[in-house]
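Shown next, in structure tokens, is the structure this report addresses.
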Amino acid sequence: MTPTLPRTVRAVDTAQLLDLAQEAAMHSFSQRLPVDWLRDHLAAEATHYLFPTLVQRLTHRPEMPLQWRCQQLLTVSTGEQILGLLDVLPDTFDKIPETLDTASKKDVVSRIERAVSVREWVERMAADAGSCPPGQRCIPLDSLRK
């Protein structure tokens with residue numbers, strides 16, 4: 001029986017998000033950004049948000065655990081909020097404390113719906129700067145597919 005997808009939003013700090021991305025990389029989940037990219041581009045003291053939107057079960061790879069595919073609202077070093085995806089183990093998600101009230105959750109979901117994607121943000125930053133933003137190490141767009 002497939003567990004019920006939680007209809008909630010969880011807030012995490014940058015260190016917690018990096019841990020979640022590392023866990024996703026360890027399991028070779030398909031929806032995740034490289035940990036190094038996140039470390040280079042996330043605002044260090046920011047709050048980020050996870051909103052589960054899909055139960056991900058890989059029937060062609062039965063050894064893979066069930067995952068929640070979460071939309072993530074990331075705050076990057078420019079202060080902007082951008083949209084990414086992250087597959088998270090249900091038990092891991094359940095361990096993230098519930099800290100937001102209903103109004104805050106609705107606000108986050110509204111911001112997720114309006115946010116530009118990671119890819120759009122990276123392309124815009126590259127076009128605006130002609131290269132990498134000052135003080136940041138750029139990772140080619142193709143590496144975001146891994």
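Ligands are numbered from 1 in the order shown, chains are lettered A, B, ... in the order of the structure tokens, and residues start at 1 in each chain.
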What's the 8 Å shell around Gln31 (chain A), counting only C-alpha atoms, without same-chain residues fewer than 2 positions away, as a list in words?
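Returned residues: Phe29, Leu33, Arg69, Leu85, Leu86 and Asp87 of chain A.
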Could you pull out the residues in chain A that DSSP calls alpha helix (DSSP H) from the backbone, as a VMD selection string?
chain A and resid 14 to 26 35 to 41 90 to 95 102 to 114 118 to 129
Residue nearest Val76 (chain A) - candidates A:Ala46, A:Met125, A:Val9, A:Val108, atoms counted: only C-alpha atoms:
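Smallest separation from Val76 (chain A) among the options: A:Ala46.
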Write down as an mmCIF file with C-alpha atoms, in the first residue's frame the residues belonging to chain A that are assigned strand (DSSP E or B) by DSSP computed on the backbone.
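Okay, out29.cif is ready:
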data_model
loop_
_atom_site.group_PDB
_atom_site.id
_atom_site.type_symbol
_atom_site.label_atom_id
_atom_site.label_comp_id
_atom_site.auth_asym_id
_atom_site.auth_seq_id
_atom_site.Cartn_x
_atom_site.Cartn_y
_atom_site.Cartn_z
ATOM 1 C CA ARG A 10 8.127 22.080 5.648
ATOM 2 C CA ALA A 11 10.763 24.735 6.256
ATOM 3 C CA VAL A 12 14.468 23.848 6.416
ATOM 4 C CA ASP A 13 17.641 25.841 6.782
ATOM 5 C CA LEU A 42 22.173 29.027 -1.741
ATOM 6 C CA THR A 47 15.034 29.273 4.985
ATOM 7 C CA HIS A 48 13.994 26.961 2.143
ATOM 8 C CA TYR A 49 10.704 25.107 1.722
ATOM 9 C CA LEU A 50 9.636 21.627 0.640
ATOM 10 C CA PHE A 51 6.166 20.861 -0.723
ATOM 11 C CA PRO A 52 5.495 17.182 -1.566
ATOM 12 C CA THR A 53 3.641 16.909 -4.868
ATOM 13 C CA LEU A 54 4.078 13.335 -6.099
ATOM 14 C CA VAL A 55 4.611 9.804 -4.813
ATOM 15 C CA GLN A 56 7.613 8.492 -6.743
ATOM 16 C CA GLN A 67 10.087 8.810 -2.431
ATOM 17 C CA TRP A 68 8.125 12.017 -2.130
ATOM 18 C CA ARG A 69 8.901 14.297 -5.054
ATOM 19 C CA CYS A 70 8.951 17.749 -3.507
ATOM 20 C CA GLN A 71 8.877 21.140 -5.093
ATOM 21 C CA GLN A 72 11.480 23.180 -3.281
ATOM 22 C CA LEU A 73 11.514 26.925 -2.930
ATOM 23 C CA LEU A 74 15.164 27.841 -2.616
ATOM 24 C CA THR A 75 16.592 31.184 -1.559
ATOM 25 C CA VAL A 76 19.779 31.831 -3.500
ATOM 26 C CA GLN A 81 13.569 32.502 -4.508
ATOM 27 C CA ILE A 82 13.695 29.866 -7.227
ATOM 28 C CA LEU A 83 11.955 26.566 -7.857
ATOM 29 C CA GLY A 84 13.678 23.191 -7.826
ATOM 30 C CA LEU A 85 12.709 19.562 -7.301
ATOM 31 C CA LEU A 86 13.998 17.146 -4.698
ATOM 32 C CA ASP A 87 13.102 13.513 -4.066
ATOM 33 C CA VAL A 88 12.969 12.786 -0.323
ATOM 34 C CA VAL A 116 11.317 30.790 -11.851
ATOM 35 C CA SER A 117 13.011 27.414 -12.173
#
Residues within 12 Å of Leu66 (chain A), only C-alpha atoms, excluding chain neighbours under 6 positions, as a PDB file with all heavy atoms, in the first residue's frame:
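Final output, saved to around_31.pdb:
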ATOM      1  N   MET A   1       0.835  -1.192   0.000  1.00  0.00           N
ATOM      2  CA  MET A   1       0.000   0.000   0.000  1.00  0.00           C
ATOM      3  C   MET A   1       0.876   1.250   0.000  1.00  0.00           C
ATOM      4  O   MET A   1       1.826   1.356   0.766  1.00  0.00           O
ATOM      5  CB  MET A   1      -0.898  -0.016   1.229  1.00  0.00           C
ATOM      6  CG  MET A   1      -1.857   1.099   1.293  1.00  0.00           C
ATOM      7  SD  MET A   1      -3.047   0.765   2.602  1.00  0.00           S
ATOM      8  CE  MET A   1      -3.543   2.402   2.924  1.00  0.00           C
ATOM      9  N   THR A   2       0.563   2.177  -0.859  1.00  0.00           N
ATOM     10  CA  THR A   2       1.327   3.409  -0.965  1.00  0.00           C
ATOM     11  C   THR A   2       0.933   4.362   0.148  1.00  0.00           C
ATOM     12  O   THR A   2      -0.253   4.627   0.345  1.00  0.00           O
ATOM     13  CB  THR A   2       1.076   4.085  -2.322  1.00  0.00           C
ATOM     14  OG1 THR A   2       1.459   3.190  -3.357  1.00  0.00           O
ATOM     15  CG2 THR A   2       1.860   5.366  -2.454  1.00  0.00           C
ATOM     16  N   PRO A   3       1.921   4.891   0.876  1.00  0.00           N
ATOM     17  CA  PRO A   3       1.604   5.871   1.917  1.00  0.00           C
ATOM     18  C   PRO A   3       0.952   7.115   1.303  1.00  0.00           C
ATOM     19  O   PRO A   3       1.207   7.462   0.156  1.00  0.00           O
ATOM     20  CB  PRO A   3       2.967   6.217   2.522  1.00  0.00           C
ATOM     21  CG  PRO A   3       3.902   5.161   2.067  1.00  0.00           C
ATOM     22  CD  PRO A   3       3.342   4.595   0.804  1.00  0.00           C
ATOM     23  N   THR A   4       0.124   7.761   2.093  1.00  0.00           N
ATOM     24  CA  THR A   4      -0.545   8.977   1.642  1.00  0.00           C
ATOM     25  C   THR A   4       0.441  10.138   1.598  1.00  0.00           C
ATOM     26  O   THR A   4       1.176  10.380   2.558  1.00  0.00           O
ATOM     27  CB  THR A   4      -1.709   9.325   2.596  1.00  0.00           C
ATOM     28  OG1 THR A   4      -2.583   8.203   2.657  1.00  0.00           O
ATOM     29  CG2 THR A   4      -2.462  10.545   2.119  1.00  0.00           C
ATOM     30  N   LEU A   5       0.437  10.833   0.487  1.00  0.00           N
ATOM     31  CA  LEU A   5       1.309  11.992   0.312  1.00  0.00           C
ATOM     32  C   LEU A   5       0.874  13.096   1.266  1.00  0.00           C
ATOM     33  O   LEU A   5      -0.301  13.475   1.278  1.00  0.00           O
ATOM     34  CB  LEU A   5       1.219  12.487  -1.129  1.00  0.00           C
ATOM     35  CG  LEU A   5       2.160  13.605  -1.551  1.00  0.00           C
ATOM     36  CD1 LEU A   5       3.599  13.095  -1.585  1.00  0.00           C
ATOM     37  CD2 LEU A   5       1.755  14.117  -2.917  1.00  0.00           C
ATOM     38  N   ALA A  24      19.675  12.322  -1.041  1.00  0.00           N
ATOM     39  CA  ALA A  24      19.137  12.028  -2.376  1.00  0.00           C
ATOM     40  C   ALA A  24      20.244  11.566  -3.319  1.00  0.00           C
ATOM     41  O   ALA A  24      20.043  10.638  -4.109  1.00  0.00           O
ATOM     42  CB  ALA A  24      18.431  13.261  -2.934  1.00  0.00           C
ATOM     43  N   HIS A  27      21.270   7.961  -2.589  1.00  0.00           N
ATOM     44  CA  HIS A  27      20.302   6.989  -3.113  1.00  0.00           C
ATOM     45  C   HIS A  27      20.159   7.072  -4.632  1.00  0.00           C
ATOM     46  O   HIS A  27      19.366   6.332  -5.206  1.00  0.00           O
ATOM     47  CB  HIS A  27      18.929   7.200  -2.469  1.00  0.00           C
ATOM     48  CG  HIS A  27      18.867   6.780  -1.046  1.00  0.00           C
ATOM     49  ND1 HIS A  27      18.895   5.468  -0.640  1.00  0.00           N
ATOM     50  CD2 HIS A  27      18.793   7.509   0.096  1.00  0.00           C
ATOM     51  CE1 HIS A  27      18.826   5.396   0.675  1.00  0.00           C
ATOM     52  NE2 HIS A  27      18.770   6.629   1.140  1.00  0.00           N
ATOM     53  N   PHE A  29      18.662   9.356  -6.345  1.00  0.00           N
ATOM     54  CA  PHE A  29      17.327   9.802  -6.733  1.00  0.00           C
ATOM     55  C   PHE A  29      17.451  10.683  -7.971  1.00  0.00           C
ATOM     56  O   PHE A  29      18.409  11.435  -8.124  1.00  0.00           O
ATOM     57  CB  PHE A  29      16.655  10.574  -5.601  1.00  0.00           C
ATOM     58  CG  PHE A  29      16.279   9.722  -4.419  1.00  0.00           C
ATOM     59  CD1 PHE A  29      15.970  10.317  -3.207  1.00  0.00           C
ATOM     60  CD2 PHE A  29      16.222   8.335  -4.490  1.00  0.00           C
ATOM     61  CE1 PHE A  29      15.602   9.555  -2.105  1.00  0.00           C
ATOM     62  CE2 PHE A  29      15.857   7.564  -3.401  1.00  0.00           C
ATOM     63  CZ  PHE A  29      15.556   8.176  -2.204  1.00  0.00           C
ATOM     64  N   LEU A  54       4.209  14.570  -5.351  1.00  0.00           N
ATOM     65  CA  LEU A  54       4.078  13.335  -6.099  1.00  0.00           C
ATOM     66  C   LEU A  54       4.689  12.181  -5.321  1.00  0.00           C
ATOM     67  O   LEU A  54       5.754  12.342  -4.716  1.00  0.00           O
ATOM     68  CB  LEU A  54       4.806  13.489  -7.447  1.00  0.00           C
ATOM     69  CG  LEU A  54       4.932  12.285  -8.358  1.00  0.00           C
ATOM     70  CD1 LEU A  54       3.603  12.005  -9.035  1.00  0.00           C
ATOM     71  CD2 LEU A  54       5.997  12.546  -9.412  1.00  0.00           C
ATOM     72  N   VAL A  55       4.014  11.026  -5.343  1.00  0.00           N
ATOM     73  CA  VAL A  55       4.611   9.804  -4.813  1.00  0.00           C
ATOM     74  C   VAL A  55       5.426   9.202  -5.948  1.00  0.00           C
ATOM     75  O   VAL A  55       4.902   8.943  -7.028  1.00  0.00           O
ATOM     76  CB  VAL A  55       3.534   8.800  -4.342  1.00  0.00           C
ATOM     77  CG1 VAL A  55       4.179   7.502  -3.894  1.00  0.00           C
ATOM     78  CG2 VAL A  55       2.700   9.400  -3.223  1.00  0.00           C
ATOM     79  N   GLN A  56       6.701   9.014  -5.723  1.00  0.00           N
ATOM     80  CA  GLN A  56       7.613   8.492  -6.743  1.00  0.00           C
ATOM     81  C   GLN A  56       7.973   7.054  -6.392  1.00  0.00           C
ATOM     82  O   GLN A  56       8.676   6.801  -5.421  1.00  0.00           O
ATOM     83  CB  GLN A  56       8.869   9.377  -6.809  1.00  0.00           C
ATOM     84  CG  GLN A  56       9.922   8.912  -7.750  1.00  0.00           C
ATOM     85  CD  GLN A  56       9.549   9.124  -9.207  1.00  0.00           C
ATOM     86  OE1 GLN A  56       8.453   9.513  -9.550  1.00  0.00           O
ATOM     87  NE2 GLN A  56      10.472   8.851 -10.076  1.00  0.00           N
ATOM     88  N   ARG A  57       7.465   6.130  -7.165  1.00  0.00           N
ATOM     89  CA  ARG A  57       7.805   4.715  -7.005  1.00  0.00           C
ATOM     90  C   ARG A  57       8.341   4.235  -8.345  1.00  0.00           C
ATOM     91  O   ARG A  57       7.638   4.313  -9.353  1.00  0.00           O
ATOM     92  CB  ARG A  57       6.590   3.893  -6.595  1.00  0.00           C
ATOM     93  CG  ARG A  57       6.926   2.434  -6.340  1.00  0.00           C
ATOM     94  CD  ARG A  57       5.703   1.599  -6.043  1.00  0.00           C
ATOM     95  NE  ARG A  57       4.962   2.034  -4.887  1.00  0.00           N
ATOM     96  CZ  ARG A  57       5.225   1.661  -3.622  1.00  0.00           C
ATOM     97  NH1 ARG A  57       6.238   0.850  -3.381  1.00  0.00           N
ATOM     98  NH2 ARG A  57       4.477   2.096  -2.630  1.00  0.00           N
ATOM     99  N   LEU A  58       9.557   3.744  -8.347  1.00  0.00           N
ATOM    100  CA  LEU A  58      10.181   3.290  -9.582  1.00  0.00           C
ATOM    101  C   LEU A  58       9.928   1.794  -9.750  1.00  0.00           C
ATOM    102  O   LEU A  58      10.695   0.967  -9.261  1.00  0.00           O
ATOM    103  CB  LEU A  58      11.680   3.595  -9.565  1.00  0.00           C
ATOM    104  CG  LEU A  58      12.049   5.067  -9.360  1.00  0.00           C
ATOM    105  CD1 LEU A  58      13.551   5.245  -9.287  1.00  0.00           C
ATOM    106  CD2 LEU A  58      11.458   5.918 -10.470  1.00  0.00           C
ATOM    107  N   THR A  59       8.858   1.447 -10.437  1.00  0.00           N
ATOM    108  CA  THR A  59       8.497   0.033 -10.597  1.00  0.00           C
ATOM    109  C   THR A  59       9.526  -0.722 -11.418  1.00  0.00           C
ATOM    110  O   THR A  59       9.690  -1.924 -11.240  1.00  0.00           O
ATOM    111  CB  THR A  59       7.104  -0.108 -11.245  1.00  0.00           C
ATOM    112  OG1 THR A  59       7.095   0.605 -12.486  1.00  0.00           O
ATOM    113  CG2 THR A  59       6.022   0.448 -10.325  1.00  0.00           C
ATOM    114  N   ASP A  87      13.717  14.745  -4.543  1.00  0.00           N
ATOM    115  CA  ASP A  87      13.102  13.513  -4.066  1.00  0.00           C
ATOM    116  C   ASP A  87      13.602  13.243  -2.656  1.00  0.00           C
ATOM    117  O   ASP A  87      14.807  13.292  -2.396  1.00  0.00           O
ATOM    118  CB  ASP A  87      13.445  12.344  -4.984  1.00  0.00           C
ATOM    119  CG  ASP A  87      12.752  12.441  -6.340  1.00  0.00           C
ATOM    120  OD1 ASP A  87      11.800  13.222  -6.468  1.00  0.00           O
ATOM    121  OD2 ASP A  87      13.177  11.723  -7.268  1.00  0.00           O
ATOM    122  N   VAL A  88      12.666  12.963  -1.743  1.00  0.00           N
ATOM    123  CA  VAL A  88      12.969  12.786  -0.323  1.00  0.00           C
ATOM    124  C   VAL A  88      12.310  11.501   0.164  1.00  0.00           C
ATOM    125  O   VAL A  88      11.161  11.215  -0.201  1.00  0.00           O
ATOM    126  CB  VAL A  88      12.442  13.993   0.500  1.00  0.00           C
ATOM    127  CG1 VAL A  88      12.707  13.820   1.981  1.00  0.00           C
ATOM    128  CG2 VAL A  88      13.037  15.292  -0.005  1.00  0.00           C
ATOM    129  N   LEU A  89      13.004  10.762   1.003  1.00  0.00           N
ATOM    130  CA  LEU A  89      12.407   9.583   1.622  1.00  0.00           C
ATOM    131  C   LEU A  89      11.266  10.021   2.542  1.00  0.00           C
ATOM    132  O   LEU A  89      11.405  11.015   3.269  1.00  0.00           O
ATOM    133  CB  LEU A  89      13.444   8.829   2.445  1.00  0.00           C
ATOM    134  CG  LEU A  89      14.568   8.141   1.663  1.00  0.00           C
ATOM    135  CD1 LEU A  89      15.654   7.665   2.615  1.00  0.00           C
ATOM    136  CD2 LEU A  89      14.019   6.986   0.843  1.00  0.00           C
ATOM    137  N   PRO A  90      10.144   9.298   2.533  1.00  0.00           N
ATOM    138  CA  PRO A  90       9.032   9.682   3.408  1.00  0.00           C
ATOM    139  C   PRO A  90       9.426   9.788   4.884  1.00  0.00           C
ATOM    140  O   PRO A  90       9.021  10.740   5.566  1.00  0.00           O
ATOM    141  CB  PRO A  90       8.006   8.566   3.188  1.00  0.00           C
ATOM    142  CG  PRO A  90       8.285   8.091   1.797  1.00  0.00           C
ATOM    143  CD  PRO A  90       9.780   8.189   1.649  1.00  0.00           C
ATOM    144  N   ASP A  91      10.214   8.841   5.395  1.00  0.00           N
ATOM    145  CA  ASP A  91      10.627   8.910   6.800  1.00  0.00           C
ATOM    146  C   ASP A  91      11.480  10.140   7.080  1.00  0.00           C
ATOM    147  O   ASP A  91      11.368  10.744   8.143  1.00  0.00           O
ATOM    148  CB  ASP A  91      11.401   7.648   7.200  1.00  0.00           C
ATOM    149  CG  ASP A  91      10.506   6.431   7.346  1.00  0.00           C
ATOM    150  OD1 ASP A  91       9.273   6.596   7.436  1.00  0.00           O
ATOM    151  OD2 ASP A  91      11.046   5.308   7.366  1.00  0.00           O
ATOM    152  N   THR A  92      12.323  10.502   6.137  1.00  0.00           N
ATOM    153  CA  THR A  92      13.147  11.700   6.296  1.00  0.00           C
ATOM    154  C   THR A  92      12.270  12.943   6.334  1.00  0.00           C
ATOM    155  O   THR A  92      12.451  13.820   7.179  1.00  0.00           O
ATOM    156  CB  THR A  92      14.179  11.797   5.160  1.00  0.00           C
ATOM    157  OG1 THR A  92      15.018  10.634   5.191  1.00  0.00           O
ATOM    158  CG2 THR A  92      15.034  13.045   5.285  1.00  0.00           C
TER     159      THR A  92
END
Distance CA of Pro34 (chain A)-CA of Arg119 (chain A), one decimal place?
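Atom-to-atom, CA of Pro34 (chain A) to CA of Arg119 (chain A), that is 13.0 Å.
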Please, what distance in Å, to one decimal, runs between CA of Leu18 (chain A) and CA of Thr102 (chain A)?
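Going from CA of Leu18 (chain A) over to CA of Thr102 (chain A) covers 25.7 Å.
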Have a look at CA of Ile96 (chain A) and CA of Leu38 (chain A) and let me know their distance in Å, one decimal.
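Straight-line distance from CA of Ile96 (chain A) to CA of Leu38 (chain A) works out to 19.3 Å.
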